[in-house]
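Right, one structure below, let's go through it.
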Amino acid sequence: MTAGVPTEFIAPGPQSFDTPPIIDGVDWFTKPVLVAALSVVVIVWFFWGASRKAAVVPSKLQFAGELGYNFVRNSIARDAIGSQEHMKYVPYLCGLFFFILLNNVAATVPLIQFPTFSHIGWAYVAAIMSWVIYNAVGIRKHGAWGYFKHQTMPAGVPAWLMPLMIPIEFISNILVRPVSLSLRLFANMFAGHILLLVFVLGGEYMVFEAGSIALAGVGILTFLMGFAIAGLELFVQCIQAYIFVVLTAQYIGSAIAEDH
Amino acid sequence: MSEHQDPKPSPANSGDGWRVLSYLIGGVLVYGGIGFGLDRLFGTQFLLPVGIVLGAGLTILMLHFRYGSRS
């Protein structure tokens, strides 16, 4: 049955996300920091290159840059915030979108293969930033008390139900929103990465180390399935970046709306 | 270009599902939390589930008023 001596399979788990410092002694400089820094370099290079020699007849790079920018401006910011006020928030939304997108897609890029947002701290910070911004613009627009009323009075609910509804509206707007924003991004990246690890490491183990012909056949299938999962993950990575920014834009939109 | 005939959901309402989800979580959290607190206060056991169901029901009622009258 067994040709070689089977070694024990160590299943990937949360410990797979422990990233040791890249340089000894510099504790903060880990893989997520490197990936995030790289993504910033790529974004700056891309948009700088796209806008440096802006012409009426665009170059390929300018065309790609304008496509990305227009996508965020028109189909996210303008549709969610409204054509009156959306331009103020486009820089933040655009930067946020491409930062999350590149850091997510880094999970699929060969040799990097690590999603920054699978470390929850990154997701928390992104969500807190959006939370501070939509609350700040809401308070600036309506005043502190006006914004508080705005965020606790659900529209369209009859007056006798109001006392029961106010805590729900308050908790869901102030507490659940940022938590769900960060957890959704983190959990998708974490789960996707661990799923890939299971398929790829499991396949590798069954082919090379389990020491059984039948298992080796299954291992090859598992490995191939890993590629399909990687394709699915690429889709999820893009969707999560989109969802995060659409919801941020919507929260800003509903914070500055006259009546929601 | 005609926006009123566009059958695709726009970002203006494509996030509604997620917002509804956050309402549902919020409702369960608030009234489940109240039930949990009352349970601790009175030493009973049945108020947490009652609170969770009540919160979910109230949230659905609220969603009915909030989103139900559209379209």
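Labels for the structure tokens follow display order: chains A, B, ..., residues from 1 in each chain, ligands from 1.
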Item checked: Selection: 8 Å around range 14-24 of chain B, only C-alpha atoms, excl. self and same-chain fewer than 4 positions, as JSON, numbers by chain -> {"A": [168, 169, 172, 173, 176, 177, 180, 243, 246, 247, 250], "B": [9, 10, 28, 56, 59, 60, 63]}
Notebook entry, point to check: Within 12 Å of Val198 in chain A, counting only C-alpha atoms, which residues qualify if same-chain residues fewer than 2 places away don't, as a PyMOL selection string?
Noted result: chain A and resi 9-14+16+191-196+200-206+219+222-223+225-227+229-230
Next item on the list: Kindly provide, as a PyMOL selection string, the residues of chain A having any atom no farther than 10 Å from an atom of chain B, counting only C-alpha atoms.
Entry: chain A and resi 74-82+154-158+161-162+164-165+167-181+242-244+246-251+253+260
Checklist line | Length of the CA of Thr116 in chain A to CA of Pro32 in chain A vector [Å] | finding: 4.8 Å
Margin query: Please compute the CA of Tyr69 in chain A-CA of Phe235 in chain A distance, one decimal, in Å.
Written below: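 CA of Tyr69 in chain A sits 19.9 Å away from CA of Phe235 in chain A.
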Next item on the list: Could you pull out the residues in range 20-60 of chain A that DSSP calls helix (DSSP H, G or I) from the backbone, as a count of residues only?
Entry: 23
Note to self: For a test of reading the model, state the distance in Å between CA of Ala187 in chain A and CA of Gln237 in chain A, rounded to one decimal.
What the structure shows: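 That distance, rounded to one decimal, is 11.4 Å.
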Next item on the list: Find the residues around Val53 in chain B up to 8 Å (only C-alpha atoms counted), leave out those fewer than 4 positions away in its own chain, and share them as a list of chain:residue names.
Entry: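 Skipping anything fewer than 4 positions along the chain leaves B:Val28, B:Gly32, B:Pro49, B:Gly57.
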Next item on the list: Mind checking which residues fall within 12 Å of Ala37 in chain A, counting only C-alpha atoms, ignoring those fewer than 5 positions away in the same chain, and posting them as a PyMOL selection string?
Entry: chain A and resi 29-32+42-44+99+102-103+106+116
